[in-house]
>>> print(open('my_file21.cif').read())   # mmCIF, C-alpha atoms, pLDDT in the B column; chains and numbers go by the auth columns
data_final
loop_
_atom_site.group_PDB
_atom_site.id
_atom_site.type_symbol
_atom_site.label_atom_id
_atom_site.label_comp_id
_atom_site.label_asym_id
_atom_site.label_seq_id
_atom_site.Cartn_x
_atom_site.Cartn_y
_atom_site.Cartn_z
_atom_site.B_iso_or_equiv
_atom_site.auth_seq_id
_atom_site.auth_asym_id
ATOM 1 C CA MET A 1 0.000 0.000 0.000 74.00 2 L
ATOM 2 C CA SER A 2 1.404 3.382 -0.993 83.00 3 L
ATOM 3 C CA ALA A 3 1.952 6.280 1.388 88.00 4 L
ATOM 4 C CA ARG A 4 -0.588 8.315 -0.579 84.00 5 L
ATOM 5 C CA ARG A 5 -3.293 5.660 -0.100 84.00 6 L
ATOM 6 C CA ILE A 6 -2.510 5.477 3.628 90.00 7 L
ATOM 7 C CA LEU A 7 -2.904 9.275 3.866 90.00 8 L
ATOM 8 C CA VAL A 8 -6.193 9.141 1.940 88.00 9 L
ATOM 9 C CA ILE A 9 -7.605 6.466 4.230 89.00 10 L
ATOM 10 C CA ALA A 10 -6.319 8.196 7.390 92.00 11 L
ATOM 11 C CA SER A 11 -7.693 11.612 6.376 93.00 12 L
ATOM 12 C CA ALA A 12 -11.063 10.139 5.402 92.00 13 L
ATOM 13 C CA THR A 13 -11.228 8.255 8.703 94.00 14 L
ATOM 14 C CA LEU A 14 -10.349 11.355 10.718 95.00 15 L
ATOM 15 C CA ALA A 15 -12.866 13.473 8.781 95.00 16 L
ATOM 16 C CA THR A 16 -15.545 10.822 9.383 94.00 17 L
ATOM 17 C CA ILE A 17 -14.860 10.852 13.129 95.00 18 L
ATOM 18 C CA VAL A 18 -15.043 14.664 13.222 95.00 19 L
ATOM 19 C CA ALA A 19 -18.275 14.575 11.174 95.00 20 L
ATOM 20 C CA VAL A 20 -19.912 12.104 13.552 94.00 21 L
ATOM 21 C CA LEU A 21 -18.896 14.200 16.554 95.00 22 L
ATOM 22 C CA ALA A 22 -20.246 17.341 14.885 94.00 23 L
ATOM 23 C CA LEU A 23 -23.508 15.517 14.146 93.00 24 L
ATOM 24 C CA LEU A 24 -23.787 14.463 17.791 93.00 25 L
ATOM 25 C CA PHE A 25 -22.981 17.947 19.099 94.00 26 L
ATOM 26 C CA ILE A 26 -25.639 19.703 16.988 93.00 27 L
ATOM 27 C CA PRO A 27 -28.589 18.556 19.188 91.00 28 L
ATOM 28 C CA LEU A 28 -26.505 19.223 22.320 91.00 29 L
ATOM 29 C CA SER A 29 -25.806 22.788 21.215 93.00 30 L
ATOM 30 C CA ILE A 30 -29.491 23.295 20.486 91.00 31 L
ATOM 31 C CA ALA A 31 -30.449 21.748 23.834 89.00 32 L
ATOM 32 C CA VAL A 32 -28.153 24.022 25.856 92.00 33 L
ATOM 33 C CA GLY A 33 -29.239 27.105 23.911 91.00 34 L
ATOM 34 C CA HIS A 34 -26.215 27.763 21.680 92.00 35 L
ATOM 35 C CA PRO A 35 -27.686 27.860 18.161 92.00 36 L
ATOM 36 C CA LEU A 36 -24.564 29.508 16.675 95.00 37 L
ATOM 37 C CA ASN A 37 -22.518 26.530 17.835 94.00 38 L
ATOM 38 C CA ALA A 38 -25.025 24.277 16.074 94.00 39 L
ATOM 39 C CA VAL A 39 -24.568 26.271 12.857 95.00 40 L
ATOM 40 C CA ALA A 40 -20.769 25.980 13.134 96.00 41 L
ATOM 41 C CA GLU A 41 -21.076 22.251 13.779 96.00 42 L
ATOM 42 C CA LEU A 42 -23.364 21.874 10.765 96.00 43 L
ATOM 43 C CA LEU A 43 -20.802 23.672 8.589 97.00 44 L
ATOM 44 C CA LEU A 44 -18.041 21.429 9.966 96.00 45 L
ATOM 45 C CA LEU A 45 -20.192 18.388 9.203 95.00 46 L
ATOM 46 C CA ILE A 46 -20.726 19.556 5.614 96.00 47 L
ATOM 47 C CA VAL A 47 -16.989 20.196 5.092 96.00 48 L
ATOM 48 C CA CYS A 48 -16.085 16.768 6.499 95.00 49 L
ATOM 49 C CA VAL A 49 -18.607 14.952 4.308 94.00 50 L
ATOM 50 C CA TRP A 50 -17.341 16.878 1.270 95.00 51 L
ATOM 51 C CA TRP A 51 -13.737 15.938 2.109 94.00 52 L
ATOM 52 C CA VAL A 52 -14.501 12.248 2.534 93.00 53 L
ATOM 53 C CA ALA A 53 -16.420 12.148 -0.740 93.00 54 L
ATOM 54 C CA ARG A 54 -13.636 13.999 -2.566 93.00 55 L
ATOM 55 C CA VAL A 55 -10.693 11.903 -1.405 91.00 56 L
ATOM 56 C CA MET A 56 -12.485 8.565 -1.628 89.00 57 L
ATOM 57 C CA ARG A 57 -13.745 9.249 -5.175 91.00 58 L
ATOM 58 C CA GLY A 58 -10.241 10.251 -6.252 88.00 59 L
ATOM 59 C CA ASP A 59 -8.795 7.120 -4.669 86.00 60 L
ATOM 60 C CA ARG A 60 -11.354 4.925 -6.394 86.00 61 L
ATOM 61 C CA ARG A 61 -10.659 6.584 -9.765 90.00 62 L
ATOM 62 C CA ARG A 62 -6.896 5.995 -9.376 87.00 63 L
ATOM 63 C CA ARG A 63 -7.394 2.351 -8.389 86.00 64 L
ATOM 64 C CA LEU A 64 -9.759 1.663 -11.306 86.00 65 L
ATOM 65 C CA ALA A 65 -7.362 3.363 -13.754 89.00 66 L
ATOM 66 C CA ALA A 66 -4.453 1.267 -12.480 86.00 67 L
ATOM 67 C CA GLU A 67 -6.584 -1.861 -12.752 87.00 68 L
ATOM 68 C CA ALA A 68 -7.685 -0.996 -16.303 87.00 69 L
ATOM 69 C CA ALA A 69 -4.023 -0.662 -17.319 89.00 70 L
ATOM 70 C CA LEU A 70 -3.384 -4.318 -16.371 88.00 71 L
ATOM 71 C CA PRO A 71 -3.721 -7.063 -18.950 89.00 72 L
ATOM 72 C CA PRO A 72 -7.178 -8.726 -18.780 85.00 73 L
ATOM 73 C CA GLU A 73 -5.829 -11.956 -17.263 84.00 74 L
ATOM 74 C CA ARG A 74 -4.202 -10.061 -14.344 84.00 75 L
ATOM 75 C CA ARG A 75 -7.227 -7.971 -13.444 83.00 76 L
ATOM 76 C CA PRO A 76 -8.994 -8.993 -10.246 82.00 77 L
ATOM 77 C CA GLU A 77 -12.315 -10.718 -10.731 80.00 78 L
ATOM 78 C CA ARG A 78 -15.243 -8.464 -9.933 78.00 79 L
ATOM 79 C CA ARG A 79 -17.964 -9.898 -7.793 76.00 80 L
ATOM 80 C CA LYS A 80 -21.520 -9.416 -8.930 75.00 81 L
ATOM 81 C CA PRO A 81 -22.958 -6.826 -6.545 74.00 82 L
ATOM 82 C CA ARG A 82 -26.203 -7.484 -4.786 70.00 83 L
ATOM 83 C CA ARG A 83 -29.177 -5.338 -5.547 68.00 84 L
ATOM 84 C CA PRO A 84 -28.977 -2.137 -3.464 67.00 85 L
ATOM 85 C CA ILE A 85 -31.413 -1.587 -0.640 59.00 86 L
ATOM 86 C CA THR A 86 -33.779 1.166 -1.741 63.00 87 L
ATOM 87 C CA PHE A 87 -36.672 2.826 -0.012 62.00 88 L
ATOM 88 C CA GLN A 88 -39.180 5.555 -0.677 77.00 89 L
ATOM 89 C CA LEU A 89 -38.468 9.073 0.499 81.00 90 L
ATOM 90 C CA ARG A 90 -42.144 9.535 1.366 85.00 91 L
ATOM 91 C CA GLU A 91 -42.109 6.431 3.570 85.00 92 L
ATOM 92 C CA THR A 92 -39.020 7.680 5.373 86.00 93 L
ATOM 93 C CA LEU A 93 -40.456 11.169 5.954 91.00 94 L
ATOM 94 C CA VAL A 94 -43.733 9.774 7.284 92.00 95 L
ATOM 95 C CA THR A 95 -41.849 7.423 9.615 92.00 96 L
ATOM 96 C CA PHE A 96 -39.700 10.324 10.833 94.00 97 L
ATOM 97 C CA ALA A 97 -42.769 12.496 11.434 95.00 98 L
ATOM 98 C CA ILE A 98 -44.484 9.757 13.440 95.00 99 L
ATOM 99 C CA TRP A 99 -41.433 9.079 15.619 94.00 100 L
ATOM 100 C CA ALA A 100 -40.634 12.771 16.164 95.00 101 L
ATOM 101 C CA THR A 101 -44.256 13.523 17.108 96.00 102 L
ATOM 102 C CA MET A 102 -44.402 10.619 19.561 96.00 103 L
ATOM 103 C CA ILE A 103 -41.107 11.620 21.184 94.00 104 L
ATOM 104 C CA PHE A 104 -42.055 15.302 21.344 96.00 105 L
ATOM 105 C CA ALA A 105 -45.394 14.450 22.962 95.00 106 L
ATOM 106 C CA PHE A 106 -43.809 12.067 25.471 94.00 107 L
ATOM 107 C CA ASP A 107 -41.073 14.524 26.420 92.00 108 L
ATOM 108 C CA ALA A 108 -43.574 17.361 26.797 93.00 109 L
ATOM 109 C CA LEU A 109 -46.192 15.418 28.763 93.00 110 L
ATOM 110 C CA ALA A 110 -44.168 12.942 30.812 92.00 111 L
ATOM 111 C CA LEU A 111 -40.935 14.880 31.289 90.00 112 L
ATOM 112 C CA GLY A 112 -42.166 18.474 31.048 91.00 113 L
ATOM 113 C CA MET A 113 -39.300 19.334 28.739 90.00 114 L
ATOM 114 C CA ASP A 114 -38.824 22.887 27.469 91.00 115 L
ATOM 115 C CA PRO A 115 -40.253 23.132 23.905 91.00 116 L
ATOM 116 C CA PHE A 116 -37.014 24.546 22.423 90.00 117 L
ATOM 117 C CA VAL A 117 -34.943 21.704 23.866 91.00 118 L
ATOM 118 C CA ASN A 118 -37.662 19.200 23.007 93.00 119 L
ATOM 119 C CA ILE A 119 -37.521 20.136 19.306 94.00 120 L
ATOM 120 C CA GLY A 120 -33.815 19.245 19.156 92.00 121 L
ATOM 121 C CA VAL A 121 -34.255 16.022 21.085 93.00 122 L
ATOM 122 C CA ALA A 122 -37.318 14.929 19.093 94.00 123 L
ATOM 123 C CA ALA A 123 -35.660 15.729 15.750 94.00 124 L
ATOM 124 C CA PHE A 124 -32.510 13.782 16.571 94.00 125 L
ATOM 125 C CA ALA A 125 -34.314 10.814 18.123 94.00 126 L
ATOM 126 C CA GLY A 126 -36.904 10.791 15.337 94.00 127 L
ATOM 127 C CA PHE A 127 -34.131 10.703 12.731 93.00 128 L
ATOM 128 C CA MET A 128 -32.329 7.837 14.468 92.00 129 L
ATOM 129 C CA LEU A 129 -35.483 5.796 15.040 92.00 130 L
ATOM 130 C CA ALA A 130 -36.794 6.398 11.501 91.00 131 L
ATOM 131 C CA THR A 131 -33.442 5.278 10.082 87.00 132 L
ATOM 132 C CA LEU A 132 -33.507 2.096 12.153 87.00 133 L
ATOM 133 C CA THR A 133 -37.167 1.415 11.365 87.00 134 L
ATOM 134 C CA VAL A 134 -36.980 1.914 7.594 84.00 135 L
ATOM 135 C CA THR A 135 -33.603 0.213 7.153 80.00 136 L
ATOM 136 C CA GLY A 136 -34.567 -2.727 9.344 78.00 137 L
ATOM 137 C CA ARG A 137 -37.845 -3.199 7.517 74.00 138 L
ATOM 138 C CA HIS A 138 -36.203 -3.194 4.109 71.00 139 L
ATOM 139 C CA MET A 139 -33.382 -5.481 5.188 70.00 140 L
ATOM 140 C CA MET A 140 -35.947 -7.912 6.587 70.00 141 L
ATOM 141 C CA PHE A 141 -37.870 -8.008 3.310 69.00 142 L
ATOM 142 C CA ARG A 142 -34.642 -8.281 1.325 65.00 143 L
ATOM 143 C CA LEU A 143 -33.438 -11.235 3.368 64.00 144 L
ATOM 144 C CA THR A 144 -36.748 -13.043 3.068 66.00 145 L
ATOM 145 C CA ALA A 145 -36.803 -12.356 -0.695 63.00 146 L
ATOM 146 C CA GLU A 146 -33.291 -13.841 -1.011 65.00 147 L
ATOM 147 C CA GLU A 147 -34.353 -16.910 0.994 67.00 148 L
ATOM 148 C CA ASP A 148 -37.387 -17.359 -1.273 66.00 149 L
ATOM 149 C CA GLU A 149 -35.157 -17.072 -4.340 70.00 150 L
ATOM 150 C CA GLN A 150 -32.686 -19.640 -2.960 69.00 151 L
ATOM 151 C CA ALA A 151 -35.528 -22.055 -2.146 70.00 152 L
ATOM 152 C CA ARG A 152 -36.976 -21.624 -5.642 73.00 153 L
ATOM 153 C CA ARG A 153 -33.560 -22.405 -7.188 72.00 154 L
ATOM 154 C CA ALA A 154 -33.167 -25.475 -5.004 72.00 155 L
ATOM 155 C CA GLU A 155 -36.565 -26.786 -6.118 74.00 156 L
ATOM 156 C CA GLU A 156 -35.681 -26.206 -9.774 75.00 157 L
ATOM 157 C CA ASN A 157 -32.365 -28.040 -9.432 74.00 158 L
ATOM 158 C CA GLY A 158 -34.127 -30.670 -7.467 62.00 159 L
#
>>> encode(input="my_file21.cif", output="structure tokens")
Amino acid sequence: MSARRILVIASATLATIVAVLALLFIPLSIAVGHPLNAVAELLLLIVCVWWVARVMRGDRRRRLAAEAALPPERRPERRKPRRPITFQLRETLVTFAIWATMIFAFDALALGMDPFVNIGVAAFAGFMLATLTVTGRHMMFRLTAEEDEQARRAEENG
């Protein structure tokens, strides 16, 4: 592995860590009443995501170009990728709205949380729970569809 590739991977890893921390600090800044900190953290998050995308795309382009320069018999065999997991934006937004509303109502009624703080907490928790709900649902259906396909092939081969 070249020194350049090590630097690309290290910088992308560091930027990812900073981005995750910025994402986690945004609701905290909102909760403690520092909205300007939340804006700065959002900008830091955007810069980190941009950096990761930039360096990883460049790395992938260089690797594919080096691979294309090899003779066909020396090129690594490409695996056939599985179908990507896809989901509807509308479904995700509705799921987020349901979770955020439930959390906001619970925090307001059961915990008596300040509405300004509650908005940040409900938005973050709603996002996390909607992500888990939608992704888990689609992975479940994908796995069962793959099992059905494998069973159908087994019956055909008999």
>>> resolve_selection(input="my_file21.cif", expression="the PyMOL selection byres ((chain L and resi 120) around 10)", output="PyMOL selection string")
chain L and resi 28+31-32+101-102+104-105+108+114-119+121-126
>>> resolve_selection(input="my_file21.cif", expression="the PyMOL selection byres ((chain L and resi 39-49) around 12)", output="PDB file with C-alpha atoms, in the frame of the given file")
ATOM      1  CA  SER L  12      -7.693  11.612   6.376  1.00 93.00           C
ATOM      2  CA  ALA L  13     -11.063  10.139   5.402  1.00 92.00           C
ATOM      3  CA  THR L  14     -11.228   8.255   8.703  1.00 94.00           C
ATOM      4  CA  LEU L  15     -10.349  11.355  10.718  1.00 95.00           C
ATOM      5  CA  ALA L  16     -12.866  13.473   8.781  1.00 95.00           C
ATOM      6  CA  THR L  17     -15.545  10.822   9.383  1.00 94.00           C
ATOM      7  CA  ILE L  18     -14.860  10.852  13.129  1.00 95.00           C
ATOM      8  CA  VAL L  19     -15.043  14.664  13.222  1.00 95.00           C
ATOM      9  CA  ALA L  20     -18.275  14.575  11.174  1.00 95.00           C
ATOM     10  CA  VAL L  21     -19.912  12.104  13.552  1.00 94.00           C
ATOM     11  CA  LEU L  22     -18.896  14.200  16.554  1.00 95.00           C
ATOM     12  CA  ALA L  23     -20.246  17.341  14.885  1.00 94.00           C
ATOM     13  CA  LEU L  24     -23.508  15.517  14.146  1.00 93.00           C
ATOM     14  CA  LEU L  25     -23.787  14.463  17.791  1.00 93.00           C
ATOM     15  CA  PHE L  26     -22.981  17.947  19.099  1.00 94.00           C
ATOM     16  CA  ILE L  27     -25.639  19.703  16.988  1.00 93.00           C
ATOM     17  CA  PRO L  28     -28.589  18.556  19.188  1.00 91.00           C
ATOM     18  CA  LEU L  29     -26.505  19.223  22.320  1.00 91.00           C
ATOM     19  CA  SER L  30     -25.806  22.788  21.215  1.00 93.00           C
ATOM     20  CA  ILE L  31     -29.491  23.295  20.486  1.00 91.00           C
ATOM     21  CA  ALA L  32     -30.449  21.748  23.834  1.00 89.00           C
ATOM     22  CA  VAL L  33     -28.153  24.022  25.856  1.00 92.00           C
ATOM     23  CA  GLY L  34     -29.239  27.105  23.911  1.00 91.00           C
ATOM     24  CA  HIS L  35     -26.215  27.763  21.680  1.00 92.00           C
ATOM     25  CA  PRO L  36     -27.686  27.860  18.161  1.00 92.00           C
ATOM     26  CA  LEU L  37     -24.564  29.508  16.675  1.00 95.00           C
ATOM     27  CA  ASN L  38     -22.518  26.530  17.835  1.00 94.00           C
ATOM     28  CA  VAL L  50     -18.607  14.952   4.308  1.00 94.00           C
ATOM     29  CA  TRP L  51     -17.341  16.878   1.270  1.00 95.00           C
ATOM     30  CA  TRP L  52     -13.737  15.938   2.109  1.00 94.00           C
ATOM     31  CA  VAL L  53     -14.501  12.248   2.534  1.00 93.00           C
ATOM     32  CA  ALA L  54     -16.420  12.148  -0.740  1.00 93.00           C
ATOM     33  CA  ARG L  55     -13.636  13.999  -2.566  1.00 93.00           C
ATOM     34  CA  VAL L  56     -10.693  11.903  -1.405  1.00 91.00           C
ATOM     35  CA  GLY L 121     -33.815  19.245  19.156  1.00 92.00           C
TER      36      GLY L 121
END
>>> atom_distance(input="my_file21.cif", atom1="CA of Phe128 in chain L", atom2="CA of Arg91 in chain L")
14.0 Å
>>> atom_distance(input="my_file21.cif", atom1="CA of Ala131 in chain L", atom2="CA of Glu92 in chain L")
9.5 Å
>>> atom_distance(input="my_file21.cif", atom1="CA of Arg61 in chain L", atom2="CA of Leu133 in chain L")
29.0 Å
